[in-house]
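Okay, so here's the structure we're looking at.
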Amino acid sequence: MRRAEGAAPDRAVLRDSRFLRLWAGTTASGLSIWALPFVLGLAVLDRSLSPAELGVVLATRTAGFLVAVPVGGVLADRHSRRAVVLWSGLAAALATPLIAAGLGRSLALMAVAAAVVGAGQGASRAAFQALTAEVVAPERRQAANAAITFAVRGTVLLAPGLSALLSTVVGSPGLILGTAALWLAAALLPPRGAGAPPAGETPAAGLGAFAEGVREARRHPWFLAGLGALTAVIATGYSATGVILPLVSRDRYGTELVLAAALTAYTAGALAGAVLMARWRPRSEGWAALTGLALYGLAPLSLLLPVHPAAVVAAYALVGAGIELFNVPWFTATQREVEPRLLGRVSSLDFLVSYGLAPVGLALIAPAVGAFGAVPVLAVCAAVCAAAPAAAALAPGSRRFRRADAAS
């Protein structure tokens, strides 16, 4: 491994007004995404929304997201990435007040509006990713991606507490309108990119357009292998955290404090990992990233063994750091290696497969625990989290996340 290649690019990207506008827009969208479920949870507490209605609204938002991700990827490659960010953000901003209007009055209105918000979120993801590649010079992209992921993790840490604090002076409808203002900022703040839609070609339509992105992804074996590893880790390690960690916190340790401390440590570790990756350039960046991803196995392993609560918290801090050791080089390599005119579609494939399949893991793990018990399920999750990145490391190009590895 080699040390950071100088701090100048890291500081320079933070002085770039165009990047700061993009960073602020991304941060605003992330804060809105994470705040809305918490705000709706507060509405359940004040009885203006039932738990079942909350489930419907969140489910329709997720459905809108999954439908819009591939469409957004195609649009981001066919049109101005800045325009896709603008219109998707405006759609979410305009639909969000309808969620507030339907609160306690019309579940159907809330569900439809939440689907539109989810669609705006899904359409903007790939466009933001591709716009970063247009706004930031190649040598500064790792620092830029680290700054963006730092902001995303920061919103995870701040959004619930900020929402709870504001709820003491503003009701749930007002807080929901606040997330609309954040979407408006996400739509208006980012700058124009340097790229332009491709001209002089006959574009495919419908699924054929998205299939072009799939074919581009297949040209990069390291990408498909890494995406498979990420999906396996999310489906097992992430699901173990979502389903089994609360049970272990309650039944083994007799307090919810372990749950809260572990999740806080995860976010703190992710923030530290983002800071590290803003400066660190490992020689074998792909293998280093996959090693970070494999650290997720510590999460189910810490729940499997009868360890001190501090060991669980420490494990989750390492897991959080590890996921950013993977994320930052992964995004940077995708922006570098993928053909620019197809970057939106390949990025949408990334989000669609990895995070789109996450609900499947969450849905299956609870029945698996009921059928086989928590211990075997946690052991399998830990094994998958270690084995999947190790297998991905064998794919051509995985050492440096490039199509062809140069000799060491």
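Residue numbering restarts at 1 for every chain of the structure tokens, chains are lettered A, B, ... in their displayed order, and ligands are numbered from 1 as they appear.
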>> What parts of segment 59-295 of chain A does DSSP call helix (DSSP H, G or I)? I'd like the answer as a PyMOL selection string.
In response: chain A and resi 59-78+81-102+107-135+138-166+172-188+207-218+221-251+257-277+285-295
>> Using only C-alpha atoms, which protein or nucleic acid residues come within 6 Å of segment 84-97 of chain A? Drop anything in the same chain fewer than 3 positions from it, and give the result as a list in words.
In response: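 With the cut-off at 6 Å, the set is Arg81, Ala100, Ala113, Val117, Gly120, Ser124, Leu177, Ala180, Trp183, Leu184 and Ala187 of chain A.
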N, CA and C atoms of the current selection, written as a compact mmCIF listing (two decimals), in the first residue's frame:
```txt
# COMPACT_ATOMS: atom_id res chain seq x y z
N ARG A 81 -27.53 15.48 -17.39
CA ARG A 81 -27.62 14.94 -16.03
C ARG A 81 -28.17 16.00 -15.06
N ALA A 100 -48.26 15.40 3.38
CA ALA A 100 -48.73 16.15 4.54
C ALA A 100 -50.24 16.40 4.46
N ALA A 113 -48.58 9.95 -3.44
CA ALA A 113 -47.55 10.99 -3.31
C ALA A 113 -46.21 10.38 -2.91
N VAL A 117 -42.53 10.60 -4.71
CA VAL A 117 -41.30 10.99 -4.00
C VAL A 117 -40.23 9.92 -4.18
N GLY A 120 -38.79 10.19 -7.62
CA GLY A 120 -37.82 11.28 -7.70
C GLY A 120 -36.50 10.90 -7.08
N SER A 124 -32.98 10.36 -9.32
CA SER A 124 -31.86 11.26 -9.06
C SER A 124 -30.58 10.53 -8.69
N LEU A 177 -43.31 19.07 5.30
CA LEU A 177 -43.07 20.19 4.38
C LEU A 177 -41.60 20.60 4.39
N ALA A 180 -39.83 18.67 1.91
CA ALA A 180 -40.08 19.19 0.56
C ALA A 180 -39.10 20.32 0.24
N TRP A 183 -35.85 18.84 -0.75
CA TRP A 183 -35.87 18.35 -2.13
C TRP A 183 -35.75 19.52 -3.12
N LEU A 184 -36.35 20.64 -2.78
CA LEU A 184 -36.24 21.81 -3.65
C LEU A 184 -34.78 22.27 -3.73
N ALA A 187 -32.84 20.00 -5.93
CA ALA A 187 -33.12 20.22 -7.35
C ALA A 187 -32.40 21.44 -7.89
```
> What is the distance, in Å and to one decimal place, between atom CA of Leu304 of chain A and atom CA of Pro376 of chain A?
Replying inline: 8.7 Å
> Which distance in Å separates atom CA of Arg283 of chain A and atom CA of Arg400 of chain A, to one decimal?
Replying inline: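 Here the two named atoms are 7.6 Å from each other.
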> Quick one: residues within 10 Å of Ile176 of chain A, only C-alpha atoms counted, chain neighbours fewer than 4 positions away excluded, as number ranges by chain?
Replying inline: A: 32, 35-37, 39-40, 96-101, 103, 163, 170-172, 180-181
Could you dump the residues just selected with N, CA and C atoms as a PDB file, in the first residue's frame?
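The result, stored in result.pdb:
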```
ATOM      1  N   SER A  32     -33.347  14.597   3.320  1.00  0.00           N
ATOM      2  CA  SER A  32     -34.779  14.412   3.105  1.00  0.00           C
ATOM      3  C   SER A  32     -35.153  12.926   3.073  1.00  0.00           C
ATOM      4  N   ALA A  35     -34.937  11.602   6.641  1.00  0.00           N
ATOM      5  CA  ALA A  35     -35.812  12.247   7.615  1.00  0.00           C
ATOM      6  C   ALA A  35     -37.264  11.806   7.456  1.00  0.00           C
ATOM      7  N   LEU A  36     -37.725  11.607   6.208  1.00  0.00           N
ATOM      8  CA  LEU A  36     -39.146  11.332   6.004  1.00  0.00           C
ATOM      9  C   LEU A  36     -39.652  10.111   6.776  1.00  0.00           C
ATOM     10  N   PRO A  37     -38.985   8.951   6.731  1.00  0.00           N
ATOM     11  CA  PRO A  37     -39.492   7.814   7.519  1.00  0.00           C
ATOM     12  C   PRO A  37     -39.543   8.112   9.013  1.00  0.00           C
ATOM     13  N   VAL A  39     -39.944  11.098  10.415  1.00  0.00           N
ATOM     14  CA  VAL A  39     -41.048  12.037  10.645  1.00  0.00           C
ATOM     15  C   VAL A  39     -42.385  11.294  10.617  1.00  0.00           C
ATOM     16  N   LEU A  40     -42.541  10.379   9.686  1.00  0.00           N
ATOM     17  CA  LEU A  40     -43.782   9.593   9.649  1.00  0.00           C
ATOM     18  C   LEU A  40     -43.904   8.694  10.882  1.00  0.00           C
ATOM     19  N   THR A  96     -44.258  15.909  -2.068  1.00  0.00           N
ATOM     20  CA  THR A  96     -44.158  15.773  -0.616  1.00  0.00           C
ATOM     21  C   THR A  96     -45.272  16.509   0.139  1.00  0.00           C
ATOM     22  N   PRO A  97     -45.654  17.734  -0.240  1.00  0.00           N
ATOM     23  CA  PRO A  97     -46.766  18.372   0.482  1.00  0.00           C
ATOM     24  C   PRO A  97     -48.072  17.576   0.425  1.00  0.00           C
ATOM     25  N   LEU A  98     -48.247  16.766  -0.613  1.00  0.00           N
ATOM     26  CA  LEU A  98     -49.462  15.943  -0.680  1.00  0.00           C
ATOM     27  C   LEU A  98     -49.453  14.856   0.394  1.00  0.00           C
ATOM     28  N   ILE A  99     -48.251  14.404   0.797  1.00  0.00           N
ATOM     29  CA  ILE A  99     -48.177  13.468   1.919  1.00  0.00           C
ATOM     30  C   ILE A  99     -48.687  14.158   3.182  1.00  0.00           C
ATOM     31  N   ALA A 100     -48.259  15.396   3.380  1.00  0.00           N
ATOM     32  CA  ALA A 100     -48.731  16.152   4.541  1.00  0.00           C
ATOM     33  C   ALA A 100     -50.240  16.403   4.459  1.00  0.00           C
ATOM     34  N   ALA A 101     -50.737  16.696   3.250  1.00  0.00           N
ATOM     35  CA  ALA A 101     -52.170  16.956   3.087  1.00  0.00           C
ATOM     36  C   ALA A 101     -53.002  15.718   3.379  1.00  0.00           C
ATOM     37  N   LEU A 103     -52.212  13.302   5.474  1.00  0.00           N
ATOM     38  CA  LEU A 103     -51.979  12.774   6.813  1.00  0.00           C
ATOM     39  C   LEU A 103     -53.250  12.851   7.652  1.00  0.00           C
ATOM     40  N   SER A 163     -34.933  15.853  13.548  1.00  0.00           N
ATOM     41  CA  SER A 163     -36.388  15.754  13.374  1.00  0.00           C
ATOM     42  C   SER A 163     -37.089  15.715  14.725  1.00  0.00           C
ATOM     43  N   VAL A 170     -42.699  22.029  15.938  1.00  0.00           N
ATOM     44  CA  VAL A 170     -43.420  21.935  14.666  1.00  0.00           C
ATOM     45  C   VAL A 170     -44.076  20.559  14.591  1.00  0.00           C
ATOM     46  N   GLY A 171     -45.330  20.519  14.161  1.00  0.00           N
ATOM     47  CA  GLY A 171     -46.035  19.250  14.046  1.00  0.00           C
ATOM     48  C   GLY A 171     -45.545  18.426  12.872  1.00  0.00           C
ATOM     49  N   SER A 172     -46.055  17.205  12.778  1.00  0.00           N
ATOM     50  CA  SER A 172     -45.646  16.304  11.700  1.00  0.00           C
ATOM     51  C   SER A 172     -45.876  16.889  10.310  1.00  0.00           C
ATOM     52  N   ALA A 180     -39.835  18.665   1.914  1.00  0.00           N
ATOM     53  CA  ALA A 180     -40.083  19.191   0.559  1.00  0.00           C
ATOM     54  C   ALA A 180     -39.103  20.317   0.244  1.00  0.00           C
ATOM     55  N   ALA A 181     -38.835  21.178   1.233  1.00  0.00           N
ATOM     56  CA  ALA A 181     -37.867  22.260   1.020  1.00  0.00           C
ATOM     57  C   ALA A 181     -36.473  21.695   0.743  1.00  0.00           C
TER      58      ALA A 181
END
```
Considering only C-alpha atoms, tabulate each residue of segment 325-344 of chain A that lies at most 12 Å from segment 310-320 of chain A along with its nearest interatomic pair and the corresponding distance in Å to one decimal; arrange the rows by chain and ascending residue number and present them as JSON lines.
```
{"residue": "A:Leu325", "atom": "CA", "partner": "A:Gly320", "partner_atom": "CA", "distance": 8.9}
{"residue": "A:Phe326", "atom": "CA", "partner": "A:Gly320", "partner_atom": "CA", "distance": 10.2}
{"residue": "A:Asn327", "atom": "CA", "partner": "A:Gly320", "partner_atom": "CA", "distance": 10.7}
```
Output C-alpha atoms for every residue in that selection, as a PDB file, in the first residue's frame.
```
ATOM      1  CA  LEU A 325     -13.419   1.617   2.472  1.00  0.00           C
ATOM      2  CA  PHE A 326     -15.459  -0.168  -0.181  1.00  0.00           C
ATOM      3  CA  ASN A 327     -17.905   2.531  -1.261  1.00  0.00           C
TER       4      ASN A 327
END
```
> Excluding same-chain residues fewer than 3 positions from Val233 of chain A, what lies within 8 Å of it counting only C-alpha atoms, as a list in words?
Replying inline: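 What passes the distance filter is Ala229, Leu230, Thr236, Gly237, Tyr238, Leu293, Ala294, Tyr296, Cys381, Val384, Cys385 and Ala388 of chain A.
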Go ahead and save the residues from that selection, with C-alpha atoms, as an mmCIF file, in the first residue's frame.
```cif
data_model
loop_
_atom_site.group_PDB
_atom_site.id
_atom_site.type_symbol
_atom_site.label_atom_id
_atom_site.label_comp_id
_atom_site.auth_asym_id
_atom_site.auth_seq_id
_atom_site.Cartn_x
_atom_site.Cartn_y
_atom_site.Cartn_z
ATOM 1 C CA ALA A 229 -20.387 -9.413 -3.358
ATOM 2 C CA LEU A 230 -22.052 -6.178 -2.262
ATOM 3 C CA THR A 236 -27.074 -11.141 4.875
ATOM 4 C CA GLY A 237 -25.076 -8.781 7.092
ATOM 5 C CA TYR A 238 -27.426 -5.826 6.684
ATOM 6 C CA LEU A 293 -16.559 -5.006 2.554
ATOM 7 C CA ALA A 294 -15.663 -8.343 4.168
ATOM 8 C CA TYR A 296 -19.258 -6.621 7.505
ATOM 9 C CA CYS A 381 -24.481 -14.566 7.355
ATOM 10 C CA VAL A 384 -21.297 -15.178 3.304
ATOM 11 C CA CYS A 385 -19.945 -11.750 4.278
ATOM 12 C CA ALA A 388 -18.465 -13.215 -1.195
#
```
> Skipping near chain neighbours, those fewer than 3 positions away, what residues fall within 7 Å of segment 352-354 of chain A using only C-alpha atoms, listed as a PyMOL selection string?
Replying inline: chain A and resi 66+69+227+230-231+348-349+357-358
Would you save the residues of that selection, restricted to C-alpha atoms, as a PDB file, in the first residue's frame?
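What ended up in again-v5.pdb:
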```
ATOM      1  CA  LEU A  66     -37.242   0.726  -7.674  1.00  0.00           C
ATOM      2  CA  VAL A  69     -33.934   3.763 -10.816  1.00  0.00           C
ATOM      3  CA  LEU A 227     -21.718  -5.948  -7.303  1.00  0.00           C
ATOM      4  CA  LEU A 230     -22.052  -6.178  -2.262  1.00  0.00           C
ATOM      5  CA  THR A 231     -25.500  -7.649  -2.870  1.00  0.00           C
ATOM      6  CA  SER A 348     -28.599   2.587 -11.867  1.00  0.00           C
ATOM      7  CA  LEU A 349     -27.848  -1.133 -12.279  1.00  0.00           C
ATOM      8  CA  LEU A 357     -32.691  -6.728  -3.368  1.00  0.00           C
ATOM      9  CA  ALA A 358     -32.117  -5.655   0.243  1.00  0.00           C
TER      10      ALA A 358
END
```
> Thr332 of chain A: which residues within 12 Å, counting only C-alpha atoms, same-chain residues fewer than 5 positions away excluded, as a count of residues only?
Replying inline: 35
